[in-house]
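Novice: Handing you a structure now.
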Amino acid sequence: MTDNMNPPLASIIAWIEEIRRVECASFVDVALRLPEVWSVIRAQGLARRTIAQACGWPLRLSRDAIQTQSANSLGVTLLNFGADCAIGLWQYAPRTCHLMHVEGKFHDACALVVRRHRKLTP
């Protein structure tokens, strides 16, 4: 998880308003439809968690979700959580990581997060 510098609250509020105006459903949408916003928040885990929470996007993965959702869906939720690397995720959510590992989805979900994080970077 990366939090290089916390952006000002006014910036976060402006991004939330823009994301809602454009009707983005995830950070993947943000990266595709609002690349200027994504370029700033991609490395801001805390800002992403705040934005995801304000937009009502999932932040937690239940045991049921881990068992039934695809690695892609899990990866989207990990982006909402602010994850950008496997080590950071293990540090902040060890139980979730263990459940994903048991289901055989941890590596694929984290690979998607890291790939999206880098690939969607301008």
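Within each chain, counting starts at residue 1; across the structure tokens, chains are named A, B, ... in the order shown, with ligands numbered 1 upward in that order.
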Contacts of Ile16 in chain A at 9 Å or less, counting only C-alpha atoms, minus same-chain residues fewer than 3 places along, as a list in words?
Specialist: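 Close residues of Ile16 in chain A: Ser11, Ile12, Ile13, Ile19, Arg20, Arg21, Ile51, Ala52, Ala54 and Cys55 of chain A.
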Novice: Might you pull out every residue within 10 Å of range 24-30 of chain A, with only C-alpha atoms counted and same-chain residues fewer than 5 positions away left off, and present them as an MDAnalysis selection string?
Specialist: chainID A and resid 15:16 18:19 35:39 41:42 48 51:52 55:58 76:77 79:80 116:117 120
Novice: Which one is closest to Leu78 in chain A: A:Tyr92, A:Ile66, A:Leu59, A:Met100? Count only C-alpha atoms.
Specialist: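 For Leu78 in chain A, the nearest of the given residues is A:Leu59.
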Novice: Mind giving me the straight-line distance from CA of Val102 in chain A to CA of Thr50 in chain A in Å, one decimal?
Specialist: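 These two atoms are separated by 28.8 Å.
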Novice: Do a neighbour search on Lys105 in chain A at 10 Å with only C-alpha atoms, toss out local chain neighbours closer than 5 positions, and write the hits as a list in words.
Specialist: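 Once the nearby chain positions are removed, what remains is Ile66, Gln67, Gln69, Ser70, Ala71, Asn72, Leu74, Gly75, Cys97, His98, Leu99, Met100, Cys110 and Ala111 of chain A.
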Novice: For the atom pair CA of Val113 in chain A and CA of Leu9 in chain A, what is the interatomic distance in Å to one decimal place?
Specialist: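 If I compute the distance from CA of Val113 in chain A to CA of Leu9 in chain A, I get 25.3 Å.
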Novice: Record the distance separating CA of Ala47 in chain A and CA of His107 in chain A, expressed in Å with one decimal.
Specialist: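 It comes out at 24.5 Å.
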Novice: If DSSP is run on the backbone, what residues of chain A are helix (DSSP H, G or I)? A reply as a ChimeraX atom specification would be ideal.
Specialist: /A:9-22,27-33,35-41,45-55,63-68,71-81,86-92,94-102,106-119
Novice: I'd like to know which of A:Ala10, A:Arg63, A:Ala83, A:Ala31 is closest to Gly45 in chain A, using only C-alpha atoms.
Specialist: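 So, comparing all the options, the nearest one is A:Ala83.
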Novice: Given only C-alpha atoms as the basis, pick out the residue of A:Arg60, A:Pro7, A:Val22, A:Ser73 nearest to Thr96 in chain A.
Specialist: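 Checking each candidate against Thr96 in chain A, we get A:Arg60 as the closest.
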